[in-house]
$ cat entry38.txt   # compact mmCIF, C-alpha atoms
# COMPACT_ATOMS: atom_id res chain seq x y z
CA MET T 71 0.00 0.00 0.00
CA LYS T 72 1.33 3.40 -0.95
CA ARG T 73 1.59 5.48 2.20
CA GLU T 74 0.31 9.04 2.38
CA LEU T 75 2.77 11.76 1.38
CA ALA T 76 3.99 14.18 4.05
CA ILE T 77 6.23 17.22 3.82
CA ALA T 78 8.83 17.59 6.56
CA LEU T 79 10.34 21.02 7.09
CA VAL T 80 14.05 20.37 7.59
CA SER T 81 16.12 23.32 8.72
CA GLY T 82 19.26 21.28 9.19
CA GLY T 83 18.94 21.46 12.98
CA MET T 84 18.32 18.63 15.41
CA ASP T 85 14.62 19.16 16.16
CA SER T 86 13.46 19.15 12.54
CA CYS T 87 15.66 16.10 11.85
CA VAL T 88 13.88 14.21 14.63
CA ALA T 89 10.48 15.41 13.36
CA ALA T 90 11.42 14.11 9.89
CA ALA T 91 12.48 10.79 11.44
CA LEU T 92 9.02 10.51 13.01
CA ALA T 93 7.35 11.43 9.71
CA ALA T 94 9.40 8.76 7.90
CA GLN T 95 7.85 6.07 10.08
CA GLU T 96 4.34 6.69 8.76
CA HIS T 97 4.69 8.51 5.45
CA ARG T 98 6.39 8.82 2.13
CA LEU T 99 8.50 11.95 2.53
CA ALA T 100 9.03 15.20 0.68
CA LEU T 101 11.54 17.55 2.32
CA LEU T 102 11.44 21.34 2.35
CA HIS T 103 14.29 23.64 3.32
CA VAL T 104 13.92 27.38 3.49
CA SER T 105 16.89 29.68 3.28
CA TYR T 106 16.24 33.17 4.63
CA GLY T 107 19.62 34.86 4.70
CA GLN T 108 20.49 33.54 8.15
CA ARG T 109 24.20 33.65 9.03
CA THR T 110 24.76 29.91 8.82
CA TRP T 111 22.70 29.13 5.71
CA ARG T 112 25.43 27.27 3.83
CA ARG T 113 26.04 24.83 6.67
CA GLU T 114 22.30 24.32 7.21
CA LEU T 115 21.71 23.59 3.53
CA GLU T 116 24.53 21.03 3.64
CA ALA T 117 22.84 19.41 6.65
CA PHE T 118 19.50 19.37 4.77
CA ARG T 119 21.07 17.64 1.76
CA GLY T 120 22.70 15.08 4.02
CA ILE T 121 19.40 14.31 5.76
CA ALA T 122 17.55 14.02 2.43
CA ALA T 123 20.20 11.57 1.19
CA HIS T 124 20.03 9.62 4.46
CA TYR T 125 16.30 9.03 3.99
CA GLY T 126 16.54 8.55 0.22
CA VAL T 127 14.08 11.39 -0.40
CA GLU T 128 13.70 12.34 -4.05
CA GLN T 129 11.11 15.10 -3.71
CA THR T 130 12.94 18.09 -2.20
CA LEU T 131 12.39 21.83 -2.44
CA VAL T 132 14.81 24.55 -1.39
CA ALA T 133 13.09 27.93 -1.24
CA ASP T 134 14.90 31.23 -0.86
CA ILE T 135 13.15 33.96 1.09
CA GLY T 136 16.11 36.31 1.27
CA TYR T 137 13.71 39.25 1.66
CA LEU T 138 13.57 38.34 5.37
CA SER T 139 17.15 39.54 5.73
CA THR T 140 16.27 42.70 3.79
CA ILE T 141 13.50 43.26 6.33
CA GLY T 142 15.95 42.59 9.19
CA GLY T 143 14.89 42.93 12.81
CA SER T 144 16.68 39.76 13.93
CA SER T 145 20.23 38.97 14.95
CA LEU T 146 19.99 35.83 12.81
CA THR T 147 19.60 37.78 9.60
CA ASP T 148 20.76 41.32 10.31
CA SER T 149 24.53 41.73 10.12
CA GLU T 150 24.30 44.95 12.15
CA MET T 151 22.93 43.05 15.17
CA SER T 152 25.02 40.55 17.11
CA VAL T 153 23.92 37.12 18.30
CA GLN T 154 23.46 37.31 22.10
CA PRO T 155 25.48 34.96 24.32
CA ALA T 156 23.36 32.14 25.73
CA ASP T 157 21.09 32.93 28.65
CA LEU T 158 18.49 30.21 28.94
CA ASN T 159 16.85 31.98 31.89
CA ARG T 160 16.39 35.23 29.96
CA SER T 161 12.79 36.37 29.98
CA GLY T 162 11.08 37.86 26.95
CA ILE T 163 11.76 37.21 23.30
CA PRO T 164 15.46 37.09 22.31
CA SER T 165 17.10 39.12 19.54
CA SER T 166 17.30 36.00 17.38
CA TYR T 167 13.51 36.10 16.89
CA VAL T 168 12.78 36.46 13.16
CA PRO T 169 9.42 38.22 12.91
CA PHE T 170 6.62 35.79 11.99
CA ARG T 171 9.17 33.42 10.44
CA ASN T 172 7.33 30.13 10.71
CA THR T 173 4.36 31.58 8.80
CA HIS T 174 6.61 31.95 5.75
CA PHE T 175 7.88 28.38 6.13
CA LEU T 176 4.40 26.92 6.51
CA ALA T 177 2.92 28.99 3.67
CA ILE T 178 5.52 27.50 1.32
CA ALA T 179 4.86 24.00 2.66
CA VAL T 180 1.09 24.38 2.18
CA SER T 181 1.40 25.76 -1.37
CA TRP T 182 3.73 22.92 -2.28
CA GLY T 183 1.61 20.38 -0.43
CA GLU T 184 -1.50 21.46 -2.32
CA VAL T 185 0.27 20.85 -5.64
CA ILE T 186 2.02 17.56 -4.81
CA GLY T 187 -0.87 16.14 -2.79
CA ALA T 188 0.62 15.98 0.71
CA GLY T 189 -1.68 15.30 3.63
CA ARG T 190 0.52 16.42 6.50
CA ILE T 191 3.31 18.88 7.19
CA PHE T 192 5.79 18.04 9.95
CA ILE T 193 7.56 20.88 11.72
CA GLY T 194 10.07 20.51 14.57
CA ALA T 195 8.78 23.43 16.65
CA VAL T 196 9.25 23.12 20.40
CA GLU T 197 7.52 25.12 23.13
CA PRO T 198 9.22 24.25 26.47
CA ASP T 199 13.02 24.59 26.51
CA SER T 200 12.76 26.72 23.39
CA SER T 201 13.69 30.34 23.05
CA GLY T 202 10.23 31.79 23.63
CA TYR T 203 9.41 32.52 20.00
CA PRO T 204 5.67 33.21 19.68
CA ASP T 205 5.37 31.12 16.51
CA CYS T 206 6.70 28.03 18.30
CA ARG T 207 3.68 27.70 20.58
CA GLU T 208 0.93 25.10 20.30
CA VAL T 209 -1.79 27.75 19.96
CA TYR T 210 -0.09 29.14 16.85
CA TYR T 211 -0.35 25.76 15.07
CA LYS T 212 -3.98 25.38 16.03
CA VAL T 213 -4.80 28.70 14.36
CA PHE T 214 -2.59 27.91 11.35
CA ASN T 215 -4.52 24.71 10.69
CA GLU T 216 -7.72 26.75 10.71
CA LEU T 217 -6.09 29.12 8.19
CA ILE T 218 -5.32 26.17 5.88
CA ARG T 219 -8.93 25.05 6.12
CA VAL T 220 -10.31 28.45 5.07
CA GLY T 221 -7.50 29.43 2.68
CA THR T 222 -7.15 26.44 0.35
CA ARG T 223 -9.34 24.50 -2.11
CA PRO T 224 -12.29 22.71 -0.48
CA GLU T 225 -10.83 19.35 -1.53
CA THR T 226 -7.44 20.10 0.05
CA HIS T 227 -6.88 18.50 3.45
CA ILE T 228 -3.49 19.38 4.86
CA GLU T 229 -2.69 19.35 8.54
CA VAL T 230 0.40 20.82 10.18
CA VAL T 231 1.74 18.60 12.95
CA ALA T 232 4.35 19.63 15.48
CA PRO T 233 5.08 16.30 17.17
CA LEU T 234 7.85 17.66 19.42
CA ILE T 235 5.95 20.71 20.61
CA ARG T 236 5.68 19.57 24.24
CA MET T 237 9.07 17.86 24.52
CA LYS T 238 12.14 18.96 26.42
CA LYS T 239 15.41 19.01 24.48
CA SER T 240 16.64 15.90 26.32
CA GLU T 241 13.52 13.99 25.26
CA ILE T 242 14.13 15.03 21.65
CA VAL T 243 17.71 13.75 21.85
CA LYS T 244 16.50 10.43 23.29
CA LEU T 245 13.78 10.09 20.65
CA GLY T 246 16.24 10.91 17.86
CA LEU T 247 18.69 8.28 19.10
CA LYS T 248 15.88 5.70 19.42
CA LEU T 249 14.66 6.39 15.86
CA GLY T 250 18.17 6.31 14.43
CA ALA T 251 17.83 9.92 13.21
CA PRO T 252 21.10 11.10 11.63
CA LEU T 253 21.95 13.64 14.36
CA GLN T 254 25.58 13.58 13.24
CA LEU T 255 24.49 15.41 10.09
CA THR T 256 22.59 18.21 11.86
CA TRP T 257 23.74 21.75 12.65
CA SER T 258 22.41 23.99 15.43
CA CYS T 259 24.86 26.87 15.98
CA TYR T 260 23.47 30.34 15.16
CA ARG T 261 26.92 31.92 14.77
CA ASN T 262 29.40 29.69 12.97
CA ASP T 263 29.33 27.20 10.16
CA ASN T 264 32.51 25.27 10.91
CA VAL T 265 32.81 24.66 14.69
CA PRO T 266 29.80 25.23 17.01
CA CYS T 267 30.44 28.40 19.04
CA GLY T 268 29.07 26.76 22.19
CA ASP T 269 27.92 30.14 23.40
CA CYS T 270 24.66 31.00 21.56
CA ASP T 271 21.20 29.97 22.81
CA SER T 272 20.98 27.20 20.23
CA CYS T 273 24.36 25.64 21.15
CA ALA T 274 23.55 25.91 24.85
CA LEU T 275 20.15 24.25 24.45
CA ARG T 276 21.63 21.43 22.40
CA ALA T 277 24.42 20.83 24.94
CA LYS T 278 21.91 20.82 27.81
CA GLY T 279 19.72 18.36 25.89
CA PHE T 280 22.52 15.87 25.31
CA GLU T 281 23.79 16.25 28.87
CA GLU T 282 20.37 15.61 30.40
CA ALA T 283 19.87 12.65 28.04
CA GLY T 284 23.21 11.23 29.18
CA ALA T 285 24.44 11.07 25.59
CA ILE T 286 27.40 12.44 23.62
CA ASP T 287 26.67 14.91 20.83
CA PRO T 288 28.24 13.44 17.68
CA ILE T 289 29.04 16.89 16.26
CA VAL T 290 30.80 18.36 19.28
CA LYS T 291 34.49 18.47 18.62
CA HIS T 292 35.43 20.68 21.55
CA VAL T 293 34.24 20.95 25.14
CA ILE T 294 31.39 23.40 25.61
CA SER T 295 32.01 25.23 28.85
CA MET E 369 0.26 64.81 14.56
CA LYS E 370 2.14 62.00 12.87
CA ARG E 371 -0.38 59.52 11.55
CA GLU E 372 -0.06 55.79 12.13
CA LEU E 373 1.96 53.85 9.58
CA ALA E 374 0.15 51.34 7.36
CA ILE E 375 1.46 48.92 4.77
CA ALA E 376 -0.57 48.65 1.58
CA LEU E 377 -0.07 45.57 -0.58
CA VAL E 378 0.06 46.90 -4.13
CA SER E 379 0.01 44.30 -6.88
CA GLY E 380 -0.25 46.85 -9.65
CA GLY E 381 -3.89 45.98 -10.26
CA MET E 382 -6.94 48.16 -9.78
CA ASP E 383 -8.28 46.76 -6.50
CA SER E 384 -5.05 47.14 -4.54
CA CYS E 385 -4.60 50.64 -5.96
CA VAL E 386 -8.01 51.64 -4.60
CA ALA E 387 -7.21 49.96 -1.25
CA ALA E 388 -3.97 52.00 -1.13
CA ALA E 389 -5.93 55.16 -1.93
CA LEU E 390 -8.19 54.44 1.05
CA ALA E 391 -5.18 53.76 3.28
CA ALA E 392 -3.59 57.06 2.20
CA GLN E 393 -6.56 58.97 3.61
CA GLU E 394 -5.85 57.85 7.18
CA HIS E 395 -2.24 56.71 7.31
CA ARG E 396 1.35 57.32 6.42
CA LEU E 397 2.04 54.69 3.78
CA ALA E 398 4.60 51.97 3.17
CA LEU E 399 4.02 49.95 -0.01
CA LEU E 400 4.76 46.28 -0.56
CA HIS E 401 4.89 44.51 -3.90
CA VAL E 402 5.40 40.79 -4.24
CA SER E 403 6.67 39.24 -7.42
CA TYR E 404 5.99 35.52 -7.70
CA GLY E 405 6.95 34.59 -11.23
CA GLN E 406 3.55 35.49 -12.66
CA ARG E 407 3.45 36.01 -16.43
CA THR E 408 2.99 39.76 -16.31
CA TRP E 409 5.38 40.59 -13.47
CA ARG E 410 7.34 43.28 -15.33
CA ARG E 411 4.23 45.28 -16.16
CA GLU E 412 2.87 44.90 -12.61
CA LEU E 413 6.14 46.08 -11.06
CA GLU E 414 6.06 49.12 -13.35
CA ALA E 415 2.51 49.83 -12.16
CA PHE E 416 3.64 49.47 -8.52
CA ARG E 417 6.47 51.96 -9.02
CA GLY E 418 4.10 54.42 -10.68
CA ILE E 419 1.61 54.17 -7.81
CA ALA E 420 4.38 54.62 -5.21
CA ALA E 421 5.58 57.73 -7.03
CA HIS E 422 2.01 59.04 -7.31
CA TYR E 423 1.57 58.91 -3.53
CA GLY E 424 5.14 60.04 -2.80
CA VAL E 425 5.84 56.90 -0.77
CA GLU E 426 9.47 56.49 0.28
CA GLN E 427 9.19 53.24 2.21
CA THR E 428 8.74 50.49 -0.38
CA LEU E 429 9.65 46.82 -0.43
CA VAL E 430 9.68 44.52 -3.46
CA ALA E 431 9.91 40.88 -2.41
CA ASP E 432 10.57 38.04 -4.81
CA ILE E 433 8.94 34.70 -4.03
CA GLY E 434 9.85 33.01 -7.30
CA TYR E 435 9.60 29.62 -5.57
CA LEU E 436 5.84 29.85 -6.17
CA SER E 437 6.45 29.38 -9.89
CA THR E 438 8.80 26.47 -9.12
CA ILE E 439 5.92 24.94 -7.16
CA GLY E 440 3.55 25.62 -10.07
CA GLY E 441 -0.05 24.47 -9.99
CA SER E 442 -1.45 27.71 -11.40
CA SER E 443 -1.90 29.05 -14.92
CA LEU E 444 -0.55 32.38 -13.67
CA THR E 445 2.87 30.96 -12.88
CA ASP E 446 3.14 27.68 -14.76
CA SER E 447 4.14 28.12 -18.39
CA GLU E 448 2.83 24.64 -19.18
CA MET E 449 -0.73 25.66 -18.27
CA SER E 450 -2.71 28.19 -20.31
CA VAL E 451 -4.77 31.08 -18.95
CA GLN E 452 -8.44 30.18 -19.43
CA PRO E 453 -10.67 32.50 -21.48
CA ALA E 454 -13.02 34.53 -19.31
CA ASP E 455 -16.10 32.81 -17.96
CA LEU E 456 -17.48 34.82 -15.08
CA ASN E 457 -20.25 32.28 -14.51
CA ARG E 458 -17.82 29.37 -14.18
CA SER E 459 -18.32 27.51 -10.93
CA GLY E 460 -15.42 26.21 -8.84
CA ILE E 461 -11.93 27.57 -8.50
CA PRO E 462 -10.28 28.65 -11.77
CA SER E 463 -6.87 27.48 -13.02
CA SER E 464 -5.41 30.89 -12.17
CA TYR E 465 -5.67 30.07 -8.45
CA VAL E 466 -2.17 30.20 -6.94
CA PRO E 467 -2.22 27.84 -3.95
CA PHE E 468 -2.41 29.75 -0.64
CA ARG E 469 -0.91 32.82 -2.33
CA ASN E 470 -2.22 35.55 -0.06
CA THR E 471 -0.69 33.85 2.97
CA HIS E 472 2.76 34.47 1.48
CA PHE E 473 1.91 38.12 0.78
CA LEU E 474 0.55 38.74 4.26
CA ALA E 475 3.40 36.91 5.99
CA ILE E 476 5.85 39.28 4.30
CA ALA E 477 3.72 42.29 5.22
CA VAL E 478 3.50 41.22 8.87
CA SER E 479 7.25 40.53 9.18
CA TRP E 480 7.99 43.92 7.63
CA GLY E 481 5.26 45.61 9.66
CA GLU E 482 6.66 44.23 12.91
CA VAL E 483 10.08 45.75 12.09
CA ILE E 484 8.94 49.17 10.78
CA GLY E 485 6.12 49.58 13.30
CA ALA E 486 3.05 49.45 11.07
CA GLY E 487 -0.36 49.13 12.71
CA ARG E 488 -2.43 48.05 9.73
CA ILE E 489 -2.00 46.13 6.49
CA PHE E 490 -4.33 47.00 3.60
CA ILE E 491 -5.08 44.35 1.01
CA GLY E 492 -7.38 44.77 -1.98
CA ALA E 493 -9.02 41.34 -1.72
CA VAL E 494 -12.59 41.12 -3.03
CA GLU E 495 -15.12 38.37 -2.37
CA PRO E 496 -18.14 39.01 -4.64
CA ASP E 497 -17.37 39.50 -8.32
CA SER E 498 -13.99 37.88 -7.72
CA SER E 499 -12.73 34.64 -9.13
CA GLY E 500 -13.69 32.44 -6.19
CA TYR E 501 -10.21 32.14 -4.67
CA PRO E 502 -10.51 30.72 -1.13
CA ASP E 503 -7.96 33.21 0.26
CA CYS E 504 -10.05 36.17 -0.92
CA ARG E 505 -12.89 35.48 1.50
CA GLU E 506 -13.73 37.45 4.62
CA VAL E 507 -13.39 34.38 6.87
CA TYR E 508 -9.78 33.94 5.74
CA TYR E 509 -8.84 37.43 6.98
CA LYS E 510 -10.57 36.86 10.30
CA VAL E 511 -8.43 33.77 10.90
CA PHE E 512 -5.28 35.51 9.62
CA ASN E 513 -5.71 38.28 12.18
CA GLU E 514 -5.93 35.64 14.88
CA LEU E 515 -2.70 34.13 13.53
CA ILE E 516 -0.96 37.52 13.84
CA ARG E 517 -2.15 37.80 17.42
CA VAL E 518 -0.70 34.42 18.42
CA GLY E 519 2.36 34.46 16.13
CA THR E 520 4.03 37.81 16.85
CA ARG E 521 5.55 39.61 19.84
CA PRO E 522 3.00 40.44 22.57
CA GLU E 523 3.60 44.18 22.00
CA THR E 524 2.94 43.90 18.25
CA HIS E 525 -0.54 44.99 17.19
CA ILE E 526 -1.03 44.61 13.47
CA GLU E 527 -4.40 44.20 11.83
CA VAL E 528 -5.05 43.16 8.24
CA VAL E 529 -7.90 45.11 6.68
CA ALA E 530 -9.58 44.25 3.41
CA PRO E 531 -11.74 47.33 2.87
CA LEU E 532 -13.06 46.23 -0.55
CA ILE E 533 -13.94 42.69 0.48
CA ARG E 534 -17.72 43.13 0.06
CA MET E 535 -17.65 45.45 -2.95
CA LYS E 536 -18.65 44.72 -6.51
CA LYS E 537 -16.13 45.68 -9.19
CA SER E 538 -18.29 48.63 -10.28
CA GLU E 539 -18.30 49.99 -6.72
CA ILE E 540 -14.51 49.72 -6.63
CA VAL E 541 -14.26 51.68 -9.89
CA LYS E 542 -16.57 54.38 -8.51
CA LEU E 543 -14.66 54.57 -5.23
CA GLY E 544 -11.33 54.76 -7.06
CA LEU E 545 -12.56 57.61 -9.24
CA LYS E 546 -13.97 59.44 -6.21
CA LEU E 547 -10.67 59.14 -4.32
CA GLY E 548 -8.61 60.17 -7.34
CA ALA E 549 -6.76 56.83 -7.33
CA PRO E 550 -4.35 56.63 -10.28
CA LEU E 551 -6.26 53.92 -12.15
CA GLN E 552 -4.48 54.93 -15.36
CA LEU E 553 -1.29 53.46 -13.87
CA THR E 554 -2.79 50.08 -12.97
CA TRP E 555 -2.58 46.77 -14.84
CA SER E 556 -5.03 43.87 -14.62
CA CYS E 557 -4.47 41.52 -17.57
CA TYR E 558 -3.24 38.04 -16.63
CA ARG E 559 -1.86 37.29 -20.10
CA ASN E 560 -0.12 40.27 -21.68
CA ASP E 561 2.04 43.12 -20.54
CA ASN E 562 1.56 45.54 -23.42
CA VAL E 563 -2.12 45.56 -24.49
CA PRO E 564 -4.81 44.00 -22.26
CA CYS E 565 -5.98 40.74 -23.89
CA GLY E 566 -9.61 41.52 -23.04
CA ASP E 567 -10.30 37.82 -22.79
CA CYS E 568 -8.99 36.60 -19.40
CA ASP E 569 -11.10 36.66 -16.21
CA SER E 570 -9.26 39.69 -14.91
CA CYS E 571 -9.77 41.77 -18.09
CA ALA E 572 -13.42 40.72 -18.24
CA LEU E 573 -14.08 41.67 -14.61
CA ARG E 574 -12.40 45.03 -15.06
CA ALA E 575 -14.40 45.77 -18.22
CA LYS E 576 -17.65 44.79 -16.51
CA GLY E 577 -16.77 47.00 -13.54
CA PHE E 578 -16.17 50.10 -15.66
CA GLU E 579 -19.25 49.40 -17.78
CA GLU E 580 -21.54 49.06 -14.77
CA ALA E 581 -19.99 52.17 -13.23
CA GLY E 582 -20.72 54.08 -16.46
CA ALA E 583 -17.06 55.07 -16.78
CA ILE E 584 -14.30 54.70 -19.35
CA ASP E 585 -11.25 52.64 -18.42
CA PRO E 586 -8.22 54.89 -18.92
CA ILE E 587 -5.99 51.99 -19.94
CA VAL E 588 -8.22 50.46 -22.58
CA LYS E 589 -6.80 51.29 -25.95
CA HIS E 590 -8.91 48.89 -27.94
CA VAL E 591 -12.51 47.78 -27.79
CA ILE E 592 -13.04 44.73 -25.58
CA SER E 593 -15.53 42.52 -27.36

$ encode --input "entry38.txt" --output "C-alpha cells"
Amino acid sequence: MKRELAIALVSGGMDSCVAAALAAQEHRLALLHVSYGQRTWRRELEAFRGIAAHYGVEQTLVADIGYLSTIGGSSLTDSEMSVQPADLNRSGIPSSYVPFRNTHFLAIAVSWGEVIGAGRIFIGAVEPDSSGYPDCREVYYKVFNELIRVGTRPETHIEVVAPLIRMKKSEIVKLGLKLGAPLQLTWSCYRNDNVPCGDCDSCALRAKGFEEAGAIDPIVKHVIS
Amino acid sequence: MKRELAIALVSGGMDSCVAAALAAQEHRLALLHVSYGQRTWRRELEAFRGIAAHYGVEQTLVADIGYLSTIGGSSLTDSEMSVQPADLNRSGIPSSYVPFRNTHFLAIAVSWGEVIGAGRIFIGAVEPDSSGYPDCREVYYKVFNELIRVGTRPETHIEVVAPLIRMKKSEIVKLGLKLGAPLQLTWSCYRNDNVPCGDCDSCALRAKGFEEAGAIDPIVKHVIS
C-alpha cells in the first residue's frame, strides 16, 4: 500500500531532523528547506542535503526567502545586530527572533503540499526549553490549521503537525537516538558554520539536551564550557 | 500629529490601488509589492512603481517569491498551463488560483510591519465578483488576524484590513474615481504586458466594472468585445 505523502520542514537542525524521522515512520516523505539569509545558511543547507540523502528522499524543495534579511529585525539575519550569548533563563523574546518566520515556512509548505498532494506537514517546533518565539507555541499551530482550512481549495486536506511541541530538548535527543535519526548530520549553531560556538542559545540548548539525556553529541568536537 | 503607519499591498492591479488610496486617507504609507513569477510581473512592477511615485511613498519593499512558480499548480505561474478565457459564470476555483498565495503576501507584510512599526495592512481582496479564490474570503482574513495575534511579539498589534472585500467591481471603480486613485497606472491583464488581452477573467471583470460604473477605463486602448 502506498503510504500518504507528508512534507517535513528540515532546517538542518536537530529538532526538525527528529520530526522528519518521526514522519518517515508513517509517510512517504518530501523535504522542504527554506533559506532566509540567516548567518549559517550554507552549513544548514549542507545538513539538509545530508538528511535528504540519508532518507533517500527524491522530492525536495529549497526555497529562498532572502527578503527576510532585507526586512531585518533579527540577529539571525541582520549583520548589524550581534547574536546574544546564551542565557536560557532570559525572559522575553530574544534578539534571534525572526518576525513571523514560521508563517513563511508553513505557507511554502502548504502551497507545495496542495500541488504535490501531501496530507501532513511536519515541523520541529518546540515550546518548552525553546527560546520563547511566539510562533513556536501550540496555539499558533492550532490557528494555522484553521487558516489552511479556510484558505485552500475545499478538496485540500493538509494538517500541520508539530510532534515535538511539548518535549524537552533531552527527550528530543533520546527520541532521535531511538529512531536512528542522523543527528551527526545536523547543525544547530546560530553563529558559525565550521565549529559550534558553544555560546549561543541554540548551542547551549543542544548541549543541555545531550547532557540531560546522558548522551554524547556526535558533532561536538570541543568541550562546551 | 504624525499619523499611524500602514502597509498597503500593491500588486499593480486596480483593486489594490483603490485599497492603497483608502489607506492614504488615514495613514502614512509603506508599499509592498510581491513578485511571484507570474506572467505579467514586469508590467505589474512598473505599475507598482508608478503608484508609489504618485503617492510620494518612500518606504517600499519589493519581495521576490519566485519559488511559487517552481511549485507551479497555477496558470498564472506555470508556463505549461494556459490562462483560461473569461467565464465569469464558471463555478469552482479557476486554473489561475495560486495555492495559498495571499498567505505568502501577508506573511511578508506582517514581518515587515513588525520591524517598521506598522499598525495596519491594507489588502485589496474582493469576495463578490472575484474569481472564487478561497484566500479572498472574509473568513480567511478573520483567521489571519488571529494568527498575527498568536504568532508575533506580545507588543505587536497589526491588523489586516480588506476594505473592498464586500464590494462589486463597479463599486470599486466608482470609489477609485472618487478618491482620485491613479487607475491609469494600474494593470489587470493576466496574459499580456503591453495591451490587455480583453479575454482573461481579470480583463473581463475590469471591463464589466467600468461598464456598470458608467465610466471609461483609462488603460483600454482597444474595444473589448

$ residues_around --input "entry38.txt" --residues "segment 134-148 of chain T" --least-positions-apart "4" --cutoff "9 Å" --atoms "all atoms listed in the file" --output "ChimeraX atom specification"
/T:103-110,152-154,164-169,171,174,260-261 /E:429-435,476,479-480,482-484

$ residues_around --input "entry38.txt" --residues "Gly582 of chain E" --least-positions-apart "4" --cutoff "9 Å" --atoms "only C-alpha atoms" --output "PyMOL selection string"
chain E and resi 538+542+577-578

$ closest_residue --input "entry38.txt" --among "T:Arg98, T:Val88, T:Leu176, T:Gly120" --to "Lys248 of chain T" --atoms "only C-alpha atoms"
T:Val88

$ residues_around --input "entry38.txt" --residues "Phe490 of chain E" --least-positions-apart "5" --cutoff "7 Å" --atoms "all atoms listed in the file" --output "list in words"
Ile375, Ala376, Leu377, Ala387, Ala388, Ala391, Val528, Val529 and Ala530 of chain E

$ residues_around --input "entry38.txt" --residues "segment 565-572 of chain E" --least-positions-apart "2" --cutoff "6 Å" --atoms "only C-alpha atoms" --output "PyMOL selection string"
chain E and resi 453-454+556-557+574-575+592

$ closest_residue --input "entry38.txt" --among "E:Leu553, E:Ile584, E:Val478, E:Leu532" --to "chain T" --atoms "only C-alpha atoms"
E:Val478

$ closest_residue --input "entry38.txt" --among "T:Ile191, T:Leu115, T:Val220, T:Val127" --to "chain E" --atoms "only C-alpha atoms"
T:Val220

$ residues_around --input "entry38.txt" --residues "Ile242 of chain T" --least-positions-apart "4" --cutoff "12 Å" --atoms "only C-alpha atoms" --output "JSON, numbers by chain"
{"T": [83, 84, 85, 86, 87, 88, 89, 91, 92, 194, 195, 196, 198, 199, 200, 233, 234, 235, 236, 237, 238, 246, 247, 248, 249, 251, 253, 275, 276, 278, 279, 280, 282, 283, 285]}

$ axis_aligned_box --input "entry38.txt" --around "segment 520-534 of chain E" --padding-each-side "4 Å" --output "lines of an AutoDock Vina configuration file"
center_x = -6.1
center_y = 42.6
center_z = 11.0
size_x = 31.3
size_y = 17.5
size_z = 31.1

$ atom_distance --input "entry38.txt" --atom1 "atom CA of Asp263 of chain T" --atom2 "atom CA of Ala117 of chain T"
10.7 Å

$ atom_distance --input "entry38.txt" --atom1 "atom CA of Lys510 of chain E" --atom2 "atom CA of Asn172 of chain T"
19.1 Å

$ closest_residue --input "entry38.txt" --among "E:Gly500, E:Gly380, E:Pro586, E:Pro564" --to "chain T" --atoms "all atoms listed in the file"
E:Gly500

$ closest_residue --input "entry38.txt" --among "T:Ile193, T:Glu229, T:Ala100, T:Trp257" --to "Glu114 of chain T" --atoms "only C-alpha atoms"
T:Trp257

$ closest_residue --input "entry38.txt" --among "T:Ala122, T:Leu217, T:Val243, T:Val265" --to "chain E" --atoms "all atoms listed in the file"
T:Leu217
